[in-house]
Amino acid sequence: MNENQDQDKTVNCHPAALSFEDELIRYKQKISNILESFTEAFFEVDLNWTVTYWNKECERLLSISREEILGKNLWTEFSRAVSLKFYAEYHRAVRENVAVRFQEYWPVNKMWLEVSAFPSGEGLSVYFKNITGWKQITRQLEQEKKILRSVQSKSIAAVGL
């Protein structure tokens with residue numbers, strides 16, 4: 001083989017020589033790798049509320065594998081969420097085309113979640129994380145503040161100030 005033939009092989013292996021389908025597959029894999037690296041749970045639904053993406057943190061927090069949920073209706077699978085803030089806020093995000101952020105207790109897994117949802121022309125992207133520990137610490141601090149105020153009030157009354 002001569003030098004020109006070697007150069008031709010190199011050119012054919014260049015990313016620009018890849019087919020559109022190959023590029024699309026590479027791009028999808030790159031996006032998937034990014035979404036899987038999130039420390040927050042992330043899922044997407046289309047405008048019919050069909051789950052189109054479910055990352056590993058969703059699997060861990062909600063105890064539902066992506067194989068079980070992909071292609072299914074979110075509200076059918078999470079019927080207990082319909083009466084909670086999840087349903088109203090997700091629908092508001094899509095209806096008004098606005099991002100929403102809220103906290104809600106999910107009784108099935110006994111945890112508080114902080115949720116951010118962003119509409120797109122194709123559906124809704126949802127990020128969430130478990131904030132149960134933070135909620136417990138906040139509640140405990142509030143209780144301690146009340147006790148401190150009570151002790152302080154009684155001390156002032158006892159001194160006669």
# chains A, B, ... in the order shown; residues from 1 in each chain; ligands from 1
>>> select_by_dssp(residues="stretch 10-145 of chain A", states="alpha helix (DSSP H)", output="PyMOL selection string")
chain A and resi 10-12+20-37+56-62+66-69+74-77+85-96+132-145
>>> residues_around(residues="A:Arg101", least_positions_apart="2", cutoff="9 Å", atoms="only C-alpha atoms", output="ChimeraX atom specification")
/A:89,99,103,114-117
>>> atom_distance(atom1="atom CA of A:Glu59", atom2="atom CA of A:Phe86")
17.8 Å
>>> select_by_dssp(residues="stretch 41-124 of chain A", states="strand (DSSP E)", output="number ranges by chain")
A: 41-46, 51-54, 100-106, 111-120, 123-124
>>> atom_distance(atom1="atom CA of A:Val100", atom2="atom CA of A:Pro119")
9.0 Å
>>> closest_residue(among="A:Leu148, A:Ile25, A:Ala81, A:Cys58", to="A:Val126", atoms="only C-alpha atoms")
A:Cys58
>>> closest_residue(among="A:Asn73, A:Val45, A:Ile64, A:Gly123", to="A:Val94", atoms="only C-alpha atoms")
A:Gly123
>>> residues_around(residues="A:Arg60", least_positions_apart="4", cutoff="12 Å", atoms="only C-alpha atoms", output="PyMOL selection string")
chain A and resi 39-42+54-56+64-66+109+129-130
>>> atom_distance(atom1="atom CA of A:Leu84", atom2="atom CA of A:Phe128")
15.3 Å
>>> closest_residue(among="A:Lys85, A:Arg95, A:Arg26, A:Lys146", to="A:Leu47", atoms="only C-alpha atoms")
A:Arg95
